[in-house]
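Enquirer: What follows is the file model_18.txt, containing compact mmCIF, C-alpha atoms and all ligand atoms:
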```txt
# COMPACT_ATOMS: atom_id res chain seq x y z
CA MET M 162 93.07 54.52 45.24
CA LYS M 163 92.86 54.39 49.07
CA LEU M 164 89.39 53.27 50.11
CA HIS M 165 87.30 54.18 53.15
CA THR M 166 86.49 51.26 55.45
CA ASP M 167 83.02 50.72 53.97
CA GLN M 168 84.37 50.86 50.42
CA LEU M 169 87.08 48.39 51.42
CA ARG M 170 84.48 46.00 52.90
CA GLU M 171 82.68 46.13 49.55
CA ALA M 172 85.86 45.67 47.55
CA LEU M 173 86.78 42.60 49.59
CA GLN M 174 83.54 40.79 48.72
CA LEU M 175 85.03 38.66 45.94
CA TYR M 176 88.80 38.92 46.04
CA LEU M 177 90.77 36.99 43.41
CA VAL M 178 94.35 36.10 44.40
CA MET M 179 96.44 34.79 41.51
CA GLY M 180 99.67 34.46 39.58
CA SER M 181 100.74 32.50 36.52
CA PRO M 182 101.39 29.19 38.39
CA ASN M 183 97.69 29.08 39.34
CA CYS M 184 96.41 29.27 35.77
CA ALA M 185 97.16 25.73 34.57
CA GLY M 186 98.84 26.97 31.40
CA ALA M 187 96.12 29.49 30.52
CA ASP M 188 97.10 33.12 29.97
CA PRO M 189 96.76 34.92 33.34
CA VAL M 190 95.63 38.08 31.54
CA GLU M 191 92.74 36.14 29.95
CA VAL M 192 91.90 34.50 33.30
CA LEU M 193 91.78 37.90 35.00
CA LYS M 194 89.65 39.36 32.16
CA ALA M 195 87.16 36.50 32.55
CA ALA M 196 87.11 36.85 36.34
CA ILE M 197 86.43 40.58 36.04
CA ASP M 198 83.58 39.81 33.62
CA GLY M 199 82.24 37.36 36.20
CA GLY M 200 82.22 40.01 38.91
CA ILE M 201 85.35 39.93 41.08
CA THR M 202 85.71 43.05 43.23
CA MET M 203 89.44 43.06 44.13
CA PHE M 204 92.63 41.45 42.82
CA GLN M 205 95.94 40.39 44.34
CA TYR M 206 98.94 39.61 42.15
CA ARG M 207 100.63 36.64 43.86
CA GLU M 208 103.36 35.30 41.57
CA LYS M 209 104.45 32.42 43.75
CA GLY M 210 105.01 28.66 43.65
CA ALA M 211 106.51 26.18 41.19
CA GLY M 212 107.28 27.82 37.84
CA ALA M 213 106.61 31.35 39.07
CA LEU M 214 108.00 34.16 36.95
CA THR M 215 110.80 36.22 38.47
CA GLY M 216 112.46 39.59 37.86
CA ALA M 217 111.53 41.48 34.71
CA ALA M 218 109.11 38.78 33.49
CA SER M 219 107.13 38.91 36.75
CA LEU M 220 107.08 42.69 36.64
CA ALA M 221 105.91 42.68 33.01
CA LEU M 222 102.99 40.34 33.79
CA GLY M 223 102.17 42.42 36.87
CA ALA M 224 102.06 45.56 34.71
CA GLN M 225 99.54 43.95 32.33
CA LEU M 226 97.33 42.78 35.21
CA ARG M 227 97.63 46.14 36.91
CA GLU M 228 96.53 47.95 33.76
CA LEU M 229 93.53 45.66 33.35
CA CYS M 230 92.45 46.30 36.95
CA ALA M 231 92.86 50.06 36.53
CA ARG M 232 90.65 49.98 33.42
CA HIS M 233 87.88 48.25 35.40
CA ALA M 234 88.35 50.15 38.69
CA ILE M 235 89.31 46.94 40.49
CA PRO M 236 91.71 47.59 43.42
CA PHE M 237 95.10 46.01 42.61
CA ILE M 238 97.11 44.56 45.50
CA VAL M 239 100.60 43.04 45.36
CA ASN M 240 101.53 40.04 47.51
CA ASP M 241 104.65 40.31 49.71
CA ASP M 242 106.87 42.47 47.51
CA VAL M 243 106.93 46.16 48.49
CA GLY M 244 109.33 47.04 45.64
CA MET M 245 106.99 45.54 43.07
CA ALA M 246 103.98 47.27 44.65
CA GLU M 247 105.83 50.58 44.30
CA ALA M 248 106.93 49.87 40.73
CA LEU M 249 103.40 48.91 39.64
CA GLU M 250 101.77 51.78 41.55
CA ALA M 251 99.56 49.23 43.25
CA ASP M 252 96.64 50.23 45.43
CA GLY M 253 98.05 48.18 48.27
CA ILE M 254 100.07 45.25 49.50
CA HIS M 255 99.27 42.04 51.36
CA VAL M 256 101.84 40.74 53.86
CA GLY M 257 101.87 37.68 56.07
CA GLN M 258 103.34 36.99 59.48
CA GLU M 259 106.76 36.16 57.99
CA ASP M 260 106.87 39.07 55.51
CA THR M 261 107.92 42.73 55.76
CA ALA M 262 106.44 44.25 58.94
CA ALA M 263 103.35 46.39 58.44
CA GLU M 264 105.08 49.45 59.95
CA GLU M 265 107.86 49.15 57.35
CA VAL M 266 105.30 48.68 54.56
CA ARG M 267 103.47 51.84 55.68
CA ARG M 268 106.74 53.79 55.77
CA ARG M 269 107.78 52.71 52.27
CA PHE M 270 104.30 52.77 50.76
CA PRO M 271 102.31 55.49 52.49
CA GLY M 272 98.61 56.03 51.91
CA LYS M 273 98.04 52.56 50.44
CA ILE M 274 95.89 49.59 51.49
CA VAL M 275 97.74 47.20 53.80
CA GLY M 276 96.36 43.68 54.27
CA ILE M 277 97.83 41.31 56.85
CA SER M 278 97.33 37.55 57.27
CA ALA M 279 96.07 36.51 60.70
CA HIS M 280 95.55 32.95 61.92
CA ASN M 281 94.16 33.61 65.39
CA LEU M 282 92.83 36.37 67.64
CA ALA M 283 96.28 37.31 68.99
CA GLU M 284 97.67 37.82 65.46
CA ALA M 285 94.55 39.78 64.52
CA GLN M 286 95.04 42.09 67.54
CA SER M 287 98.71 42.71 66.69
CA ALA M 288 97.85 43.33 63.03
CA LEU M 289 95.23 45.84 64.13
CA ALA M 290 97.80 47.58 66.36
CA ALA M 291 100.28 47.59 63.47
CA GLY M 292 97.75 49.48 61.34
CA ALA M 293 96.28 46.84 59.04
CA ASP M 294 93.40 47.99 56.82
CA TYR M 295 92.06 44.45 56.47
CA LEU M 296 92.94 40.93 57.55
CA GLY M 297 93.17 37.76 55.47
CA VAL M 298 92.02 34.94 57.71
CA GLY M 299 92.66 31.30 56.94
CA PRO M 300 92.91 28.69 55.88
CA MET M 301 89.17 28.32 56.06
CA TYR M 302 89.37 24.86 54.47
CA ALA M 303 92.06 22.52 53.15
CA THR M 304 93.96 24.06 50.25
CA ARG M 305 96.28 22.61 47.63
CA THR M 306 97.38 26.03 46.44
CA LYS M 307 99.59 27.07 49.37
CA LEU M 308 101.84 24.20 50.41
CA ASP M 309 103.04 25.94 53.59
CA ALA M 310 99.55 26.95 54.73
CA ARG M 311 98.87 26.76 58.47
CA GLU M 312 96.35 24.43 60.10
CA VAL M 313 92.77 24.71 58.85
CA GLN M 314 90.70 26.86 61.21
CA GLY M 315 87.37 26.85 59.44
CA PRO M 316 84.82 29.68 59.54
CA GLU M 317 84.96 29.31 63.37
CA GLY M 318 88.29 31.18 63.18
CA LEU M 319 86.40 34.23 61.93
CA VAL M 320 83.72 33.84 64.59
CA ARG M 321 86.44 33.83 67.29
CA MET M 322 87.92 37.05 65.90
CA ARG M 323 84.56 38.81 65.73
CA GLU M 324 83.65 37.62 69.25
CA GLY M 325 87.09 38.82 70.39
CA GLY M 326 86.19 42.35 69.26
CA ILE M 327 87.89 42.56 65.84
CA ARG M 328 85.79 44.97 63.75
CA LEU M 329 88.33 45.43 60.95
CA PRO M 330 87.35 44.30 57.43
CA LEU M 331 88.02 40.55 57.24
CA VAL M 332 88.31 38.24 54.27
CA GLY M 333 88.37 34.45 54.53
CA ILE M 334 90.87 32.52 52.40
CA GLY M 335 91.85 28.91 51.75
CA GLY M 336 89.92 26.19 49.92
CA ILE M 337 86.84 28.35 49.43
CA ASP M 338 84.53 27.31 46.61
CA ALA M 339 80.82 27.71 45.90
CA ALA M 340 79.99 25.02 48.48
CA GLY M 341 81.95 26.62 51.34
CA ALA M 342 81.53 30.33 50.62
CA ALA M 343 78.29 30.97 52.51
CA ALA M 344 79.63 29.59 55.82
CA VAL M 345 82.65 31.91 55.58
CA LEU M 346 80.45 34.96 55.00
CA ARG M 347 78.06 33.94 57.77
CA GLY M 348 81.06 33.44 60.08
CA GLY M 349 81.71 37.19 59.91
CA ALA M 350 83.83 37.73 56.80
CA ASP M 351 83.20 40.75 54.61
CA GLY M 352 84.29 38.70 51.66
CA ILE M 353 85.98 35.62 50.28
CA ALA M 354 89.46 35.42 48.77
CA VAL M 355 89.90 32.61 46.27
CA VAL M 356 92.56 31.22 43.99
CA SER M 357 91.74 27.82 42.49
CA ALA M 358 87.94 28.07 42.60
CA ILE M 359 88.26 30.65 39.81
CA THR M 360 91.64 30.02 38.15
CA GLN M 361 91.22 26.25 37.82
CA ALA M 362 87.57 26.37 36.80
CA ARG M 363 86.56 25.25 33.32
CA SER M 364 85.07 28.73 32.96
CA PRO M 365 86.68 31.31 35.27
CA ARG M 366 83.95 33.77 34.28
CA GLU M 367 81.13 31.44 35.30
CA ALA M 368 82.93 30.42 38.49
CA ALA M 369 83.36 34.06 39.48
CA ALA M 370 79.74 34.82 38.62
CA GLU M 371 78.51 31.92 40.76
CA LEU M 372 80.59 33.08 43.74
CA ARG M 373 79.41 36.65 43.23
CA GLU M 374 75.81 35.48 43.32
CA ILE M 375 76.41 33.76 46.66
CA VAL M 376 78.05 36.91 48.05
CA ASN M 377 75.17 39.06 46.79
CA MET M 378 72.64 36.74 48.42
CA ILE M 379 74.30 37.06 51.84
CA LYS M 380 75.65 40.65 51.82
C1 LIG E 1 93.85 37.91 51.23
C2 LIG E 1 95.01 37.09 51.62
N1 LIG E 1 95.01 36.48 52.82
C3 LIG E 1 96.07 35.72 53.18
C4 LIG E 1 97.13 35.57 52.33
C5 LIG E 1 98.33 34.74 52.74
O1 LIG E 1 99.47 35.55 52.94
P1 LIG E 1 100.81 34.88 53.52
O2 LIG E 1 100.46 34.25 54.81
O3 LIG E 1 101.88 35.91 53.52
O4 LIG E 1 101.16 33.77 52.45
P2 LIG E 1 101.56 33.99 50.92
O5 LIG E 1 100.34 34.34 50.14
O6 LIG E 1 102.57 35.10 50.84
O7 LIG E 1 102.14 32.68 50.49
C6 LIG E 1 97.09 36.22 51.10
N2 LIG E 1 98.10 36.14 50.22
N3 LIG E 1 96.03 36.98 50.76
C1 LIG E 2 97.29 32.35 49.65
C2 LIG E 2 96.66 31.52 50.68
N1 LIG E 2 96.74 31.87 52.00
C3 LIG E 2 96.12 31.02 52.80
S1 LIG E 2 95.42 29.75 51.95
C4 LIG E 2 95.96 30.38 50.47
C5 LIG E 2 95.70 29.73 49.16
C6 LIG E 2 94.25 29.74 48.79
O1 LIG E 2 94.09 29.11 47.55
P1 LIG E 2 92.77 28.28 47.20
O2 LIG E 2 91.66 29.26 47.13
O3 LIG E 2 93.08 27.67 45.87
O4 LIG E 2 92.62 27.24 48.26
MG MG E 3 103.24 36.48 52.22
```
Could you quickly redo this structure as structure tokens?

Expert:
Amino acid sequence: MKLHTDQLREALQLYLVMGSPNCAGADPVEVLKAAIDGGITMFQYREKGAGALTGAASLALGAQLRELCARHAIPFIVNDDVGMAEALEADGIHVGQEDTAAEEVRRRFPGKIVGISAHNLAEAQSALAAGADYLGVGPMYATRTKLDAREVQGPEGLVRMREGGIRLPLVGIGGIDAAGAAAVLRGGADGIAVVSAITQARSPREAAAELREIVNMIK
């Protein structure tokens, strides 16, 4: 499914990013089911970090998560790996500054959602020129999930992009939990992308529902 800009803004409202290393031993399929019950609006399969599955095992988990998203009409995005996105018939792909160039992604994966990470206004402008559909902006706050994350920019990073004329759908990412979500949305984000606030919660369903309530209050 390729979404129009307004549909994409809506889909980005509560964006779960996750792979098996984020689930603290719980079954990622069960974590995703609970998060969907709680009200997530978009999902990114990011099988990365210590203990991450590789090859056929990663693809097999991706296929289960993809199927679950399809059943609930949740857009399914693959992190980094264009081949996996093709194999899983994903709705899109998210690439960072060090990943496959957006132009190459578009060529290999036409008609799909392309998200690009941007850490400042200059990167946001180049991502826009390269044809991004949305930008992932962060880290908003300190994160323990991505060890090679760039310097924290806070919600002010979003404000700078909006003031610099970036109108593209934006999602904040990095260390966002129920306490920090509102500032990110008020800074100009269309949504929040979270990993640990949902996957490491005692109840991923309740954590997602609480974040969704905050989004609904502000959007
Ligand atoms: C929604 C969203 N925003 C940013 C990122 C980070 O992407 P990247 O900088 O390529 O880092 P990795 O996730 O690949 O480690 C993201 N994945 N999703
Ligand atoms: C993938 C990614 N990109 C920037 S920060 C981050 C990790 C966010 O994880 P958490 O929500 O647990 O801080
Ligand atoms: Mg990447």

Enquirer: Write out as CSV a residue-level contact list of chain M versus ligand LIG 1 (chain E) with cut-off 6 Å: for each qualifying residue the closest pair of atoms and the distance in Å to one decimal, counting all atoms listed in the file, rows sorted by chain and residue number upward.

Expert:
```
residue,atom,partner,partner_atom,distance
M:Asn240,CA,E:LIG1,N2,5.9
M:Asp241,CA,E:LIG1,O6,5.7
M:Val256,CA,E:LIG1,O3,4.8
M:Gly257,CA,E:LIG1,O3,3.1
M:Ser278,CA,E:LIG1,C3,4.7
M:Gly297,CA,E:LIG1,N1,3.5
M:Val298,CA,E:LIG1,N1,5.9
M:Ile334,CA,E:LIG1,N1,5.7
M:Ala354,CA,E:LIG1,C1,5.6
```

Enquirer: Which is closest to Pro300 in chain M among M:Ala279, M:Leu175, M:Ala187, M:Ile197, if we use all atoms listed in the file?

Expert: M:Ala279

Enquirer: For ligand LIG 2 (chain E), list the contacting residues at 10 Å or closer, counting all atoms listed in the file, as a ChimeraX atom specification.

Expert: /M:177-179,183,205,207,209,240,257,278-280,297-313,333-338,353-361

Enquirer: Go ahead and save the picked residues with C-alpha atoms, as a tab-separated table (two decimals), keeping the file's coordinate frame.

Expert:
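The file below, again_13.tsv, is the result:
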```tsv
chain	number	residue	atom	x	y	z
M	177	LEU	CA	90.77	36.99	43.41
M	178	VAL	CA	94.35	36.10	44.40
M	179	MET	CA	96.44	34.79	41.51
M	183	ASN	CA	97.69	29.08	39.34
M	205	GLN	CA	95.94	40.39	44.34
M	207	ARG	CA	100.63	36.64	43.86
M	209	LYS	CA	104.45	32.42	43.75
M	240	ASN	CA	101.53	40.04	47.51
M	257	GLY	CA	101.87	37.68	56.07
M	278	SER	CA	97.33	37.55	57.27
M	279	ALA	CA	96.07	36.51	60.70
M	280	HIS	CA	95.55	32.95	61.92
M	297	GLY	CA	93.17	37.76	55.47
M	298	VAL	CA	92.02	34.94	57.71
M	299	GLY	CA	92.66	31.30	56.94
M	300	PRO	CA	92.91	28.69	55.88
M	301	MET	CA	89.17	28.32	56.06
M	302	TYR	CA	89.37	24.86	54.47
M	303	ALA	CA	92.06	22.52	53.15
M	304	THR	CA	93.96	24.06	50.25
M	305	ARG	CA	96.28	22.61	47.63
M	306	THR	CA	97.38	26.03	46.44
M	307	LYS	CA	99.59	27.07	49.37
M	308	LEU	CA	101.84	24.20	50.41
M	309	ASP	CA	103.04	25.94	53.59
M	310	ALA	CA	99.55	26.95	54.73
M	311	ARG	CA	98.87	26.76	58.47
M	312	GLU	CA	96.35	24.43	60.10
M	313	VAL	CA	92.77	24.71	58.85
M	333	GLY	CA	88.37	34.45	54.53
M	334	ILE	CA	90.87	32.52	52.40
M	335	GLY	CA	91.85	28.91	51.75
M	336	GLY	CA	89.92	26.19	49.92
M	337	ILE	CA	86.84	28.35	49.43
M	338	ASP	CA	84.53	27.31	46.61
M	353	ILE	CA	85.98	35.62	50.28
M	354	ALA	CA	89.46	35.42	48.77
M	355	VAL	CA	89.90	32.61	46.27
M	356	VAL	CA	92.56	31.22	43.99
M	357	SER	CA	91.74	27.82	42.49
M	358	ALA	CA	87.94	28.07	42.60
M	359	ILE	CA	88.26	30.65	39.81
M	360	THR	CA	91.64	30.02	38.15
M	361	GLN	CA	91.22	26.25	37.82
```

Enquirer: Between CA of Pro316 in chain M and CA of Asn377 in chain M, measure the distance and give it in Å to one decimal.

Expert: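 One can read the CA of Pro316 in chain M to CA of Asn377 in chain M distance as 18.5 Å.
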
Enquirer: For Gly325 in chain M, find every residue with an atom within 10 Å (counting all atoms listed in the file), except residues of its own chain fewer than 6 positions away, and show them as number ranges by chain.

Expert: M: 282-283, 285-286, 319

Enquirer: Extract, using all atoms listed in the file, all DNA, RNA and protein residues at most 8 Å from Val266 in chain M, discarding same-chain residues fewer than 5 positions from it, and format them as an MDAnalysis selection string.

Expert: chainID M and resid 243 261 271 275

Enquirer: Looking at only C-alpha atoms, which of M:Gln168, M:Pro189, M:Glu228, M:Gly318 is the one that sits closest to Leu214 in chain M?

Expert: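 The closest residue to Leu214 in chain M is M:Pro189.
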